[in-house]
Structure formats: C-alpha cells, structure tokens
file entry.cif (mmCIF, C-alpha atoms and all ligand atoms)
data_protein
#
loop_
_atom_site.label_atom_id
_atom_site.label_comp_id
_atom_site.auth_asym_id
_atom_site.auth_seq_id
_atom_site.Cartn_x
_atom_site.Cartn_y
_atom_site.Cartn_z
CA MET A 29 107.69 54.33 84.63
CA THR A 30 105.12 56.86 83.59
CA GLU A 31 102.76 55.17 85.99
CA SER A 32 104.96 55.91 88.99
CA ASN A 33 105.27 59.54 87.95
CA GLU A 34 101.55 59.92 88.29
CA ARG A 35 101.36 58.27 91.68
CA LYS A 36 100.76 60.15 94.87
CA ILE A 37 103.62 60.28 97.29
CA LYS A 38 102.68 59.23 100.80
CA LEU A 39 106.03 59.35 102.54
CA GLU A 40 109.13 61.14 101.48
CA VAL A 41 112.48 60.53 103.11
CA LYS A 42 115.27 62.98 102.37
CA ASP A 43 118.94 62.44 103.20
CA LEU A 44 118.02 60.56 106.34
CA THR A 45 120.98 59.78 108.54
CA LEU A 46 121.05 58.11 111.92
CA ILE A 47 124.12 57.71 114.03
CA PHE A 48 124.18 55.69 117.25
CA GLY A 49 126.55 56.89 119.94
CA LYS A 50 127.62 60.01 121.77
CA ARG A 51 129.99 61.73 119.36
CA LYS A 52 127.35 62.19 116.65
CA LYS A 53 128.68 65.52 115.37
CA GLU A 54 132.13 64.15 114.81
CA ALA A 55 130.73 61.04 113.18
CA LEU A 56 128.47 63.11 110.95
CA ALA A 57 131.39 65.25 109.84
CA MET A 58 133.39 62.14 108.97
CA LEU A 59 130.40 60.77 107.08
CA GLU A 60 130.15 63.99 105.09
CA LYS A 61 133.75 63.49 104.05
CA GLY A 62 132.95 60.00 102.85
CA ALA A 63 134.45 57.96 105.68
CA SER A 64 133.33 54.33 105.94
CA LYS A 65 131.11 52.88 108.66
CA GLU A 66 134.11 50.97 110.07
CA ALA A 67 136.38 54.00 110.08
CA ILE A 68 133.74 56.04 111.88
CA LEU A 69 133.20 53.33 114.46
CA LYS A 70 136.90 53.03 115.07
CA LYS A 71 137.47 56.74 115.47
CA THR A 72 134.30 57.85 117.27
CA LYS A 73 132.76 54.63 118.65
CA CYS A 74 129.61 55.66 116.83
CA THR A 75 127.66 53.28 114.61
CA VAL A 76 126.21 54.58 111.37
CA GLY A 77 122.69 53.13 111.30
CA ILE A 78 121.44 54.98 108.22
CA ASN A 79 123.58 56.87 105.78
CA LYS A 80 121.80 59.55 103.72
CA ALA A 81 118.80 57.51 102.66
CA SER A 82 116.39 59.16 100.26
CA PHE A 83 113.26 57.62 98.83
CA GLU A 84 109.56 58.08 98.29
CA VAL A 85 106.76 55.71 99.18
CA TYR A 86 103.69 55.91 96.97
CA GLU A 87 100.15 55.75 98.21
CA GLY A 88 98.78 52.23 98.17
CA GLU A 89 102.04 50.42 97.51
CA VAL A 90 103.89 47.74 99.41
CA PHE A 91 107.36 49.19 99.74
CA VAL A 92 109.81 46.55 100.88
CA VAL A 93 113.07 47.37 102.62
CA MET A 94 115.40 44.47 102.22
CA GLY A 95 118.93 43.75 103.38
CA LEU A 96 121.05 41.48 105.53
CA SER A 97 120.94 41.62 109.30
CA GLY A 98 122.57 44.81 110.53
CA SER A 99 122.08 46.67 107.25
CA GLY A 100 119.88 49.28 108.96
CA LYS A 101 116.36 48.17 108.07
CA SER A 102 114.87 48.43 111.55
CA THR A 103 116.65 51.69 112.19
CA LEU A 104 115.19 53.06 108.99
CA ILE A 105 111.59 52.05 109.63
CA ARG A 106 111.83 53.29 113.22
CA CYS A 107 112.91 56.68 111.92
CA LEU A 108 109.65 56.95 110.00
CA ASN A 109 107.67 57.27 113.22
CA ARG A 110 110.64 58.49 115.22
CA LEU A 111 110.97 55.53 117.53
CA ASN A 112 114.55 56.25 116.52
CA GLU A 113 115.52 59.90 116.39
CA PRO A 114 117.16 60.79 113.06
CA THR A 115 120.50 62.58 113.34
CA ALA A 116 119.98 64.44 110.09
CA GLY A 117 117.53 64.57 107.23
CA GLN A 118 113.77 64.72 106.96
CA VAL A 119 110.71 62.50 106.79
CA PHE A 120 107.70 64.06 105.12
CA PHE A 121 104.24 62.63 105.62
CA LYS A 122 101.34 64.48 104.04
CA ASP A 123 103.57 67.48 103.48
CA HIS A 124 104.64 67.89 107.05
CA ASP A 125 108.07 67.04 108.38
CA ILE A 126 107.78 64.34 111.02
CA THR A 127 111.27 65.10 112.27
CA ARG A 128 110.01 68.50 113.43
CA GLU A 129 106.88 67.33 115.19
CA GLY A 130 106.43 68.11 118.87
CA ASN A 131 105.58 65.36 121.34
CA LYS A 132 101.84 65.71 121.04
CA GLU A 133 101.83 65.77 117.25
CA LEU A 134 104.18 62.81 117.20
CA LEU A 135 101.93 60.82 119.49
CA ASN A 136 99.01 61.54 117.17
CA THR A 137 101.05 60.47 114.16
CA ARG A 138 101.82 57.17 115.85
CA ARG A 139 98.28 56.58 117.08
CA TYR A 140 96.32 57.68 114.03
CA GLU A 141 98.52 57.78 110.95
CA MET A 142 101.08 55.01 111.13
CA SER A 143 100.59 51.64 112.77
CA MET A 144 103.45 49.32 113.47
CA VAL A 145 103.47 45.52 113.35
CA PHE A 146 106.43 43.96 115.12
CA GLN A 147 108.31 40.72 114.55
CA SER A 148 107.73 39.76 118.19
CA PHE A 149 103.96 40.29 117.74
CA GLY A 150 103.83 42.75 120.65
CA LEU A 151 100.74 41.22 122.27
CA LEU A 152 99.79 41.83 125.88
CA PRO A 153 99.51 38.45 127.64
CA HIS A 154 96.81 39.44 130.13
CA LYS A 155 94.47 40.88 127.53
CA THR A 156 92.16 38.78 125.37
CA ILE A 157 92.57 38.63 121.60
CA LEU A 158 89.76 41.14 121.22
CA GLU A 159 91.30 43.51 123.77
CA ASN A 160 94.68 43.14 122.10
CA ALA A 161 93.22 43.94 118.71
CA ALA A 162 91.47 46.96 120.23
CA PHE A 163 94.51 48.15 122.14
CA GLY A 164 95.56 50.87 119.71
CA LEU A 165 92.06 52.28 119.87
CA GLU A 166 92.05 52.05 123.66
CA LEU A 167 95.20 54.19 123.70
CA ARG A 168 93.35 56.73 121.62
CA GLY A 169 90.62 56.78 124.25
CA GLU A 170 87.85 55.36 122.08
CA PRO A 171 84.80 54.07 123.96
CA LYS A 172 84.81 50.34 124.65
CA GLU A 173 81.84 49.44 122.51
CA GLU A 174 83.13 51.30 119.50
CA ARG A 175 86.67 50.01 119.69
CA GLU A 176 85.52 46.42 120.15
CA LYS A 177 83.31 46.69 117.12
CA LYS A 178 86.23 47.88 115.00
CA ALA A 179 88.52 45.23 116.50
CA MET A 180 85.97 42.51 115.67
CA THR A 181 85.89 43.61 112.06
CA ALA A 182 89.69 43.59 111.93
CA LEU A 183 89.84 40.11 113.49
CA GLU A 184 87.41 38.91 110.86
CA THR A 185 89.59 40.40 108.14
CA VAL A 186 92.59 38.38 109.33
CA GLY A 187 90.53 35.20 109.73
CA LEU A 188 90.32 35.12 113.51
CA LYS A 189 86.59 35.31 114.04
CA GLY A 190 85.65 33.14 116.99
CA TYR A 191 88.93 33.60 118.86
CA GLU A 192 88.04 36.92 120.53
CA GLU A 193 87.94 35.61 124.07
CA GLN A 194 91.14 33.57 123.89
CA TYR A 195 94.45 34.73 125.32
CA PRO A 196 97.65 35.07 123.25
CA SER A 197 99.38 32.18 125.05
CA ALA A 198 96.75 29.79 123.66
CA MET A 199 97.60 30.73 120.08
CA SER A 200 100.28 29.70 117.59
CA GLY A 201 102.84 32.17 116.29
CA GLY A 202 100.97 32.63 113.05
CA MET A 203 97.75 33.38 114.86
CA GLN A 204 99.46 35.77 117.23
CA GLN A 205 100.85 37.68 114.29
CA ARG A 206 97.38 37.82 112.81
CA VAL A 207 96.30 39.55 116.01
CA GLY A 208 99.22 41.99 115.62
CA LEU A 209 98.05 42.69 112.10
CA ALA A 210 94.42 43.03 113.22
CA ARG A 211 95.50 45.61 115.79
CA ALA A 212 97.19 47.67 113.10
CA LEU A 213 94.19 47.32 110.79
CA ALA A 214 91.72 48.26 113.55
CA ASN A 215 93.54 51.57 113.92
CA ASP A 216 92.61 52.23 110.31
CA SER A 217 95.73 54.31 109.80
CA GLU A 218 96.89 55.03 106.29
CA VAL A 219 100.39 53.67 106.74
CA LEU A 220 101.42 50.26 108.08
CA LEU A 221 104.99 49.76 109.20
CA MET A 222 105.87 46.08 109.35
CA ASP A 223 109.30 45.16 110.68
CA GLU A 224 110.13 41.55 109.81
CA ALA A 225 106.53 40.82 110.73
CA PHE A 226 106.63 37.30 109.29
CA SER A 227 110.29 36.44 109.85
CA ALA A 228 109.68 34.51 113.08
CA LEU A 229 107.03 32.27 111.53
CA ASP A 230 107.78 28.86 110.14
CA PRO A 231 107.88 28.70 106.34
CA LEU A 232 104.41 27.35 105.60
CA ILE A 233 102.67 29.73 107.98
CA LYS A 234 104.83 32.53 106.69
CA SER A 235 103.70 31.84 103.16
CA ASP A 236 100.05 31.81 104.31
CA MET A 237 100.51 35.15 106.03
CA GLN A 238 102.08 36.63 102.90
CA ASP A 239 99.09 35.50 100.84
CA GLU A 240 96.75 36.86 103.46
CA LEU A 241 98.51 40.22 103.51
CA LEU A 242 98.34 40.47 99.72
CA GLN A 243 94.67 39.65 99.81
CA ILE A 244 93.95 42.21 102.51
CA GLN A 245 96.04 44.76 100.64
CA SER A 246 94.11 44.20 97.42
CA LYS A 247 90.98 45.30 99.29
CA LEU A 248 92.26 47.93 101.72
CA LYS A 249 95.07 49.45 99.63
CA LYS A 250 97.09 50.70 102.57
CA THR A 251 100.52 52.18 102.18
CA ILE A 252 102.81 49.52 103.62
CA VAL A 253 106.48 49.71 104.47
CA PHE A 254 107.52 46.10 104.92
CA ILE A 255 110.90 45.00 106.16
CA THR A 256 112.46 41.67 105.46
CA HIS A 257 115.83 39.98 105.07
CA ASP A 258 114.24 37.37 102.81
CA LEU A 259 114.54 38.18 99.11
CA ASP A 260 111.78 35.76 98.10
CA GLU A 261 109.45 37.50 100.52
CA ALA A 262 110.53 40.89 99.19
CA ILE A 263 109.76 39.81 95.64
CA LYS A 264 106.45 38.24 96.55
CA LEU A 265 105.15 41.22 98.51
CA GLY A 266 106.92 44.26 97.17
CA ASP A 267 105.59 46.59 94.53
CA ARG A 268 109.01 48.14 94.85
CA ILE A 269 112.04 47.01 96.77
CA VAL A 270 114.86 48.93 98.42
CA ILE A 271 118.10 47.06 98.90
CA MET A 272 120.22 48.25 101.81
CA LYS A 273 123.79 47.61 102.80
CA ASP A 274 125.64 49.17 105.73
CA GLY A 275 122.94 51.79 106.16
CA ILE A 276 123.15 52.83 102.51
CA ILE A 277 120.45 52.37 99.91
CA GLU A 278 122.03 50.39 97.11
CA GLN A 279 119.04 50.32 94.80
CA ILE A 280 115.33 51.05 94.61
CA GLY A 281 113.07 49.49 92.01
CA THR A 282 110.64 46.77 91.10
CA ALA A 283 111.95 43.22 91.41
CA GLU A 284 112.20 43.11 87.65
CA GLU A 285 114.12 46.37 87.42
CA ILE A 286 116.55 45.18 90.06
CA LEU A 287 117.06 41.82 88.40
CA THR A 288 117.48 43.16 84.90
CA ASN A 289 119.55 46.13 85.89
CA PRO A 290 121.37 45.63 89.19
CA ALA A 291 122.95 48.86 90.41
CA SER A 292 125.99 47.23 91.97
CA GLU A 293 127.88 43.98 92.25
CA TYR A 294 126.43 43.62 95.71
CA VAL A 295 122.87 43.72 94.41
CA GLU A 296 123.78 41.38 91.60
CA ALA A 297 125.28 38.85 94.00
CA PHE A 298 122.22 39.17 96.17
CA THR A 299 119.82 38.41 93.38
CA GLU A 300 121.79 35.60 91.78
CA LYS A 301 119.69 32.80 93.20
CA VAL A 302 116.37 34.31 92.25
CA ASP A 303 114.33 32.34 89.75
CA ARG A 304 114.25 34.91 86.95
CA LYS A 305 111.63 32.98 85.01
CA THR A 306 108.99 33.99 87.51
CA ILE A 307 109.92 37.66 87.47
CA ILE A 308 111.06 38.78 84.05
CA THR A 309 108.03 39.77 81.99
CA ALA A 310 107.09 40.24 78.37
CA GLU A 311 107.41 43.98 78.82
CA THR A 312 111.14 43.67 79.48
CA LEU A 313 111.83 41.17 76.73
CA MET A 314 109.70 42.50 73.89
CA PHE A 315 111.03 44.61 71.10
CA THR A 316 108.55 47.34 70.51
CA LYS A 317 109.01 48.34 66.93
CA PRO A 318 108.56 45.13 65.01
CA LEU A 319 108.21 45.14 61.27
CA LEU A 320 104.62 44.25 60.57
CA LEU A 321 101.98 44.04 57.92
CA GLN A 322 98.66 45.82 57.63
CA LEU A 323 96.00 43.51 56.33
CA LYS A 324 94.19 46.16 54.32
CA LYS A 325 97.24 47.95 52.97
CA ASP A 326 99.85 45.30 52.36
CA GLY A 327 99.49 42.71 49.62
CA PRO A 328 101.62 39.61 49.02
CA MET A 329 104.34 41.48 47.11
CA GLN A 330 104.77 44.00 49.90
CA ALA A 331 104.85 41.16 52.43
CA ILE A 332 107.62 39.44 50.48
CA ARG A 333 109.59 42.67 50.33
CA LYS A 334 109.30 43.23 54.06
CA MET A 335 110.23 39.64 54.85
CA ARG A 336 113.29 39.94 52.65
CA THR A 337 114.31 43.19 54.37
CA ALA A 338 113.94 41.66 57.81
CA SER A 339 115.26 38.21 56.86
CA LEU A 340 112.19 36.71 58.47
CA ASN A 341 109.84 34.06 57.17
CA VAL A 342 106.95 35.18 59.31
CA LEU A 343 105.49 38.60 60.14
CA PRO A 344 102.72 39.79 62.43
CA VAL A 345 99.63 41.35 60.91
CA GLU A 346 97.41 44.09 62.26
CA ASP A 347 94.16 45.56 61.01
CA GLU A 348 93.55 49.18 60.14
CA ASN A 349 92.83 49.95 63.81
CA ARG A 350 96.16 48.46 64.83
CA LEU A 351 94.55 45.43 66.41
CA PHE A 352 96.73 42.34 66.35
CA MET A 353 95.26 39.73 64.00
CA GLY A 354 97.81 36.96 63.58
CA TYR A 355 100.74 36.04 61.35
CA VAL A 356 101.50 35.28 57.74
CA TRP A 357 104.24 32.87 56.70
CA LEU A 358 106.46 33.24 53.68
CA GLN A 359 105.46 29.96 52.01
CA ASP A 360 101.77 30.97 52.10
CA VAL A 361 102.52 34.46 50.84
CA LEU A 362 104.55 33.05 47.95
CA LYS A 363 101.57 30.91 46.94
CA LEU A 364 99.30 33.97 46.96
CA ALA A 365 101.80 35.92 44.89
CA ASP A 366 101.95 33.05 42.40
CA ALA A 367 98.18 33.09 42.16
CA LYS A 368 98.30 36.85 41.59
CA GLU A 369 96.15 37.50 44.66
CA SER A 370 96.19 41.09 45.84
CA HIS A 371 95.15 40.47 49.46
CA LEU A 372 96.87 38.72 52.31
CA ASP A 373 93.64 37.45 53.88
CA LYS A 374 94.01 33.86 52.74
CA ALA A 375 97.49 33.57 54.23
CA LEU A 376 96.54 34.98 57.58
CA LYS A 377 96.78 32.55 60.50
CA THR A 378 94.75 33.82 63.42
CA GLU A 379 94.93 30.75 65.67
CA VAL A 380 98.04 31.95 67.44
CA PRO A 381 98.71 32.69 71.10
CA SER A 382 99.30 36.21 72.28
CA VAL A 383 100.27 37.50 75.72
CA TYR A 384 99.92 40.61 77.85
CA LYS A 385 102.94 42.61 78.93
CA ASP A 386 102.84 41.30 82.50
CA TYR A 387 103.20 37.65 81.43
CA THR A 388 106.31 36.11 82.94
CA VAL A 389 108.87 34.01 81.10
CA GLU A 390 107.50 31.01 82.93
CA GLU A 391 104.03 31.69 81.58
CA MET A 392 105.25 32.34 78.06
CA LEU A 393 107.50 29.31 77.66
CA PRO A 394 104.71 26.77 77.15
CA LEU A 395 103.25 29.03 74.46
CA ILE A 396 106.33 28.94 72.25
CA SER A 397 107.03 25.23 72.36
CA ASN A 398 106.25 23.68 68.96
CA HIS A 399 106.06 27.08 67.33
CA ASN A 400 108.55 28.90 65.18
CA TYR A 401 107.29 32.43 65.50
CA PRO A 402 107.58 35.20 68.05
CA LEU A 403 104.92 35.86 70.68
CA ALA A 404 102.74 38.90 70.16
CA VAL A 405 102.35 41.15 73.19
CA VAL A 406 99.01 42.90 73.01
CA ASP A 407 97.40 45.59 75.13
CA ARG A 408 95.02 44.03 77.64
CA ASP A 409 92.48 46.81 77.18
CA ASN A 410 92.42 47.51 73.46
CA GLY A 411 94.10 44.51 71.79
CA LYS A 412 96.72 46.61 70.04
CA LEU A 413 100.10 45.09 69.31
CA LEU A 414 102.71 46.40 71.75
CA GLY A 415 105.66 44.33 70.62
CA LEU A 416 107.07 40.88 70.02
CA VAL A 417 108.96 38.48 72.22
CA THR A 418 111.23 36.24 70.22
CA GLN A 419 111.85 32.60 71.00
CA THR A 420 115.54 33.35 71.25
CA SER A 421 115.13 35.89 74.03
CA LEU A 422 112.73 33.62 75.91
CA ILE A 423 115.03 30.63 75.67
CA ILE A 424 118.06 32.63 76.78
CA GLU A 425 116.11 34.00 79.76
CA ALA A 426 114.87 30.56 80.65
CA THR A 427 118.20 28.82 80.44
CA ARG A 428 120.44 31.40 81.97
CA PHE A 429 121.90 30.83 85.36
CA GLY A 430 123.76 34.10 85.44
CA ASP A 431 125.20 36.67 83.11
CA GLU A 432 128.53 34.87 82.95
CA GLU A 433 126.97 31.93 81.17
CA VAL A 434 125.19 34.20 78.74
CA LYS A 435 128.38 36.05 77.93
CA GLU A 436 130.04 32.72 77.33
CA LEU A 437 127.20 31.60 75.08
CA ILE A 438 127.46 34.77 73.08
CA GLU A 439 131.22 34.38 72.74
CA ILE A 440 130.83 30.81 71.56
CA ALA A 441 128.16 31.93 69.10
CA ASN A 442 130.51 34.64 67.79
CA ASP A 443 133.33 32.14 67.28
CA ILE A 444 131.25 29.88 65.10
N1 LIG B 501 120.53 50.98 119.85
C1 LIG B 501 121.63 50.82 119.11
N2 LIG B 501 122.82 51.28 119.52
C2 LIG B 501 123.92 51.14 118.76
N3 LIG B 501 123.94 50.55 117.56
C3 LIG B 501 122.77 50.06 117.09
C4 LIG B 501 121.56 50.17 117.82
N4 LIG B 501 120.56 49.60 117.10
C5 LIG B 501 121.13 49.17 115.97
N5 LIG B 501 122.45 49.44 115.95
C6 LIG B 501 123.39 49.17 114.83
O1 LIG B 501 122.91 49.82 113.69
C7 LIG B 501 123.07 49.01 112.55
C8 LIG B 501 121.74 48.74 111.91
O2 LIG B 501 120.97 47.92 112.75
P1 LIG B 501 119.47 47.51 112.44
O3 LIG B 501 118.74 48.67 111.93
O4 LIG B 501 118.92 46.82 113.64
O5 LIG B 501 119.67 46.45 111.26
P2 LIG B 501 118.64 45.40 110.64
O6 LIG B 501 117.28 45.72 111.13
O7 LIG B 501 118.82 45.58 109.18
O8 LIG B 501 119.12 44.07 111.09
C9 LIG B 501 123.82 47.77 113.01
O9 LIG B 501 125.19 47.98 112.80
C10 LIG B 501 123.47 47.70 114.47
O10 LIG B 501 124.49 47.05 115.19
MG MG B 502 115.88 44.52 112.14
#

call {"tool": "encode", "arguments": {"input": "entry.cif", "output": "structure tokens", "more": "lines below"}}
Ligand SMILES: Nc1ncnc2c1ncn2[C@@H]1O[C@H](COP(=O)(O)OP(=O)(O)O)[C@@H](O)[C@H]1O
Ligand SMILES: [Mg+2]
result
Amino acid sequence: MTESNERKIKLEVKDLTLIFGKRKKEALAMLEKGASKEAILKKTKCTVGINKASFEVYEGEVFVVMGLSGSGKSTLIRCLNRLNEPTAGQVFFKDHDITREGNKELLNTRRYEMSMVFQSFGLLPHKTILENAAFGLELRGEPKEEREKKAMTALETVGLKGYEEQYPSAMSGGMQQRVGLARALANDSEVLLMDEAFSALDPLIKSDMQDELLQIQSKLKKTIVFITHDLDEAIKLGDRIVIMKDGIIEQIGTAEEILTNPASEYVEAFTEKVDRKTIITAETLMFTKPLLLQLKKDGPMQAIRKMRTASLNVLPVEDENRLFMGYVWLQDVLKLADAKESHLDKALKTEVPSVYKDYTVEEMLPLISNHNYPLAVVDRDNGKLLGLVTQTSLIIEATRFGDEEVKELIEIANDI
C-alpha cells in the first residue's frame, strides 16, 4: 500500500455522474436523495450511466474497469475524453479539469494526450494498414514522411511488419486490432483508453493479444484504462481493477485485495469462480512476526525455551544481519543440549526452500509437499526474513472452493 501512496496520479475522477435523457436535473436531484437507477428511469425516463464515480489512475498502470454489460463501463471511459459529456463531477488530467476544456483544448487532449482503441477496431477500409496506423498523426497534420515513419515503428511493435500495404479487409480480427493498437501507439500519447478492445476476438487470439499488450506495456509503460466484462482478462491485465454495477463503483483494488476482501456480496459472487491459487500470494498469507532464533545469540537452551513457548518443533534462524539462514528442529536441538553445546550451528538446516512475497499459492504448494515446516518469505533484494507461510494456511487456500466451505471446516474442527 505504501507503494501506491508514492505513485504519481495521472488521471483523477471525482464524483463523476452521467445521466442519459432530457430531464437530467430532476434525475440528478433524485440521485442526490439516493433514488435507485430503476426509480429514476421510471419517474424521469432518464438512465443513470455513471453514479458518483471517484478514482485515481496512477502513471504507468493498467487500470481495468470491469463489470457486466450495461454496468456503465463504456460510459465511464468515454467521459474521460468527453466523448460522453459528464452531467456532474470532474476529470483531472495533469492538474487540469477536462470537463472544463473548450473545444480546441479538448481536441488537443484527444489527439495528443489520450488515444482510444475500440472494440470494433475502428479501421478505415479504404486506407492501407500503414495509413490506418498513421491516421491519428494525419489528423494532427503531421507531414506524411514523419507520420509514416512513426506508424512503421508502431506496426513493428505490434508484430505487423510487412503488412503495411495491405487493406484491413484482408486481415483477421486479431490483426485488425493490432492495427488499432498500433494507431494508438503511433500517437505516442501518455494515456491509452481501451474499451473492450479484445472482447470481439476469439479466445486464443484474445490471449495472444493480452500477452502482447503486457509485453508492450512492460517496455512503454503507458497509463492504460482497459475495459472488459471478462474477469479473467481483468485479472491478467490489471494492476488494479474497478468493479462496477449499475453505474456505481463497487470496489477498487488489486485482484488479490478484491479476492481476499470483497467489498460487497456482489463482488464476492462475481469472484467466486476465480482460481484463487493463481492470485493469492505469500504476502497475504504470511504472518510477519514469527518467533525466530538468532544464530549468534541463541543457544540450544534458548531454542528449547522458545519452541516450548510457541509449541513448535521447528523454528527459523537468522544471522546477526537478519538474513534468513534456515531452520532448526527440536530433536537436533535436544541432542546439542545433551552434548552441552553452546551454539546452534550444528543443528542448522540450510537446504530449505524460501519464497518471495509475490509467490502465488500455486507456486508455493510444490515447495511444501514432503516438508513439515513453514515456508520462509524473504526479501528479494536483501534476503531478510519477512515472514512465514504455514502449511495449514497454504492447504486451506488451495482446497477452498469458497468461504462457506472454510467456515464449515472450521466449525467441524471446533467440534472435535
Ligand atoms: N446513448 C445512450 N442513451 C441512453 N442510455 C444509454 C446510452 N448509452 C448507454 N446507455 C445506458 O447506460 C448504461 C450504461 O451503459 P454502458 O456504459 O454502455 O455499459 P457497458 O459498457 O458497461 O456495457 C446502460 O443502462 C445503458 O443502457
Ligand atoms: Mg461497453
């Protein structure tokens, strides 16, 4: 969380509301009083597209807006560049309020600062692939040679080198969407707005495009607002995800935050089918203040005392610089104590796996099979022990199908 506090905000949306229909004022007043979308529609014939949405998009992140059809995703993204005119609220980009821009400023924002990639590709049939990729630059009035050079580079980035002279009709859906993406990239704007950009593609091509986007993003580090109704896609692409329902933001967070701490029953139901093993990480599962031993300071007697206190037969060991070294087991410590040894060195087992905090349950499971000790989570940069993940918590995560089952398991365990 501290990380996000330090991040630069690229877009800030404040209390954004959009109402479709003529009697906007009346509808807005009803909304203020807490009336539902249905009630407002019935009374005023106005549709609430977005209801007081507030969020920030950080520089360089993929911010996914996710929700069922009709939840307001397109309306929301189209408010960011004012293809839809917000009824109330503000959209800040680089400290200026886009909702207050005049026509000329707005045109510049659309041409230079935010590029849109549409689900329907938005290609012009009578222009070649190269001309299509260069179209945004043509609108800006860039000279032909220059814009074609930039468009070529963008086509290369999306893997379409060699197709410049083709026409869109000769290309598959996946390739056409690559051209759409190339056009946005050629503009070299800081923000990409992608509305269900991959939703029309068949699953295999869709998956390829997702990989491609992630790869491009790892190099270019754009700020991307990506819309989808597909939760798997949201999880794969999103640094953070917004879940929308009826024009209202239900929750904002990383996939892991949303899964481990759903804000509503709606979100919980939505995320039920997600394979948690691939999302929940060591950071969520670890306990961060484990009892441990210091190799230099603690001798066998101290180790026995600590093991008795914690009712554990194994403890992690660190060196004087807090680097994780391994574990000692009770039976080995007892032998040392018997032999009146004053150091733990001989009992230390260093051939043990450790993980980083971003390891998923799926990655950790193979490491605990055949072992009877917790997994050490160490800092990737300095090797210090951050915490321990117990077998119990891993197994519960791995076997749970939903909270109900876990509750049941706990109840059964309590009865015994
Ligand atoms: N031009 C419009 N006029 C009236 N209602 C609209 C218009 N566009 C969208 N809506 C309504 O606004 C709501 C949100 O739609 P939309 O943003 O397209 O949802 P999504 O993209 O999540 O499928 C829906 O109830 C939809 O029917
Ligand atoms: Mg839509």

call {"tool": "closest_residue", "arguments": {"input": "entry.cif", "among": "A:Val119, A:Leu59, A:Leu232, A:Ile255", "to": "ligand MG 502 (chain B)", "atoms": "all atoms listed in the file"}}
result
A:Ile255

call {"tool": "axis_aligned_box", "arguments": {"input": "entry.cif", "around": "segment 118-132 of chain A", "padding_each_side": "6 Å", "output": "AutoDock Vina command-line options"}}
result
--center_x 107.6 --center_y 65.5 --center_z 112.4 --size_x 24.4 --size_y 18.0 --size_z 29.9

call {"tool": "closest_residue", "arguments": {"input": "entry.cif", "among": "A:Gln238, A:Thr337, A:Thr288, A:Ser99", "to": "Arg206 of chain A", "atoms": "all atoms listed in the file"}}
result
A:Gln238

call {"tool": "closest_residue", "arguments": {"input": "entry.cif", "among": "A:Leu351, A:Ala161, A:Leu220, A:Ile271", "to": "ligand LIG 501 (chain B)", "atoms": "all atoms listed in the file"}}
result
A:Ile271

call {"tool": "atom_distance", "arguments": {"input": "entry.cif", "atom1": "atom CA of Ile78 of chain A", "atom2": "atom CA of Glu40 of chain A"}}
result
15.3 Å

call {"tool": "closest_residue", "arguments": {"input": "entry.cif", "among": "A:Tyr195, A:Phe91, A:Tyr86, A:Phe121", "to": "Leu158 of chain A", "atoms": "all atoms listed in the file"}}
result
A:Tyr195

call {"tool": "residues_near_ligand", "arguments": {"input": "entry.cif", "ligand": "ligand LIG 501 (chain B)", "cutoff": "7 Å", "atoms": "all atoms listed in the file", "output": "count of residues only"}}
result
16

call {"tool": "closest_residue", "arguments": {"input": "entry.cif", "among": "A:Asp223, A:Asp407, A:Glu296, A:Asp347", "to": "Glu278 of chain A", "atoms": "all atoms listed in the file"}}
result
A:Glu296

call {"tool": "residues_around", "arguments": {"input": "entry.cif", "residues": "Thr181 of chain A", "least_positions_apart": "3", "cutoff": "12 Å", "atoms": "only C-alpha atoms", "output": "list in words"}}
result
Leu158, Ala161, Ala162, Glu174, Arg175, Glu176, Lys177, Lys178, Glu184, Thr185, Val186, Gly187, Leu188, Lys189, Gly190, Glu192, Val207, Ala210, Arg211, Leu213, Ala214, Asn215 and Asp216 of chain A

call {"tool": "residues_around", "arguments": {"input": "entry.cif", "residues": "Lys368 of chain A", "least_positions_apart": "4", "cutoff": "12 Å", "atoms": "all atoms listed in the file", "output": "PDB file with C-alpha atoms, keeping the file's coordinate frame"}}
result
ATOM      1  CA  GLY A 327      99.490  42.710  49.620  1.00  0.00           C
ATOM      2  CA  PRO A 328     101.620  39.610  49.020  1.00  0.00           C
ATOM      3  CA  MET A 329     104.340  41.480  47.110  1.00  0.00           C
ATOM      4  CA  VAL A 361     102.520  34.460  50.840  1.00  0.00           C
ATOM      5  CA  LEU A 362     104.550  33.050  47.950  1.00  0.00           C
ATOM      6  CA  LYS A 363     101.570  30.910  46.940  1.00  0.00           C
ATOM      7  CA  LEU A 364      99.300  33.970  46.960  1.00  0.00           C
ATOM      8  CA  LEU A 372      96.870  38.720  52.310  1.00  0.00           C
TER       9      LEU A 372
END

call {"tool": "residues_around", "arguments": {"input": "entry.cif", "residues": "segment 414-426 of chain A", "least_positions_apart": "5", "cutoff": "8 Å", "atoms": "only C-alpha atoms", "output": "list in words"}}
result
Arg304, Lys305, Ala310, Leu313, Met314, Phe315, Thr316, Lys317, Pro318, Val389, Glu390, Met392, Leu393, Ile396, Asn400, Tyr401, Pro402, Leu403, Ala404, Val405, Val406, Asp407 and Val434 of chain A

call {"tool": "residues_around", "arguments": {"input": "entry.cif", "residues": "Thr299 of chain A", "least_positions_apart": "6", "cutoff": "9 Å", "atoms": "all atoms listed in the file", "output": "count of residues only"}}
result
4

call {"tool": "atom_distance", "arguments": {"input": "entry.cif", "atom1": "atom MG of ligand MG 502 (chain B)", "atom2": "atom CA of Asp236 of chain A"}}
result
21.8 Å
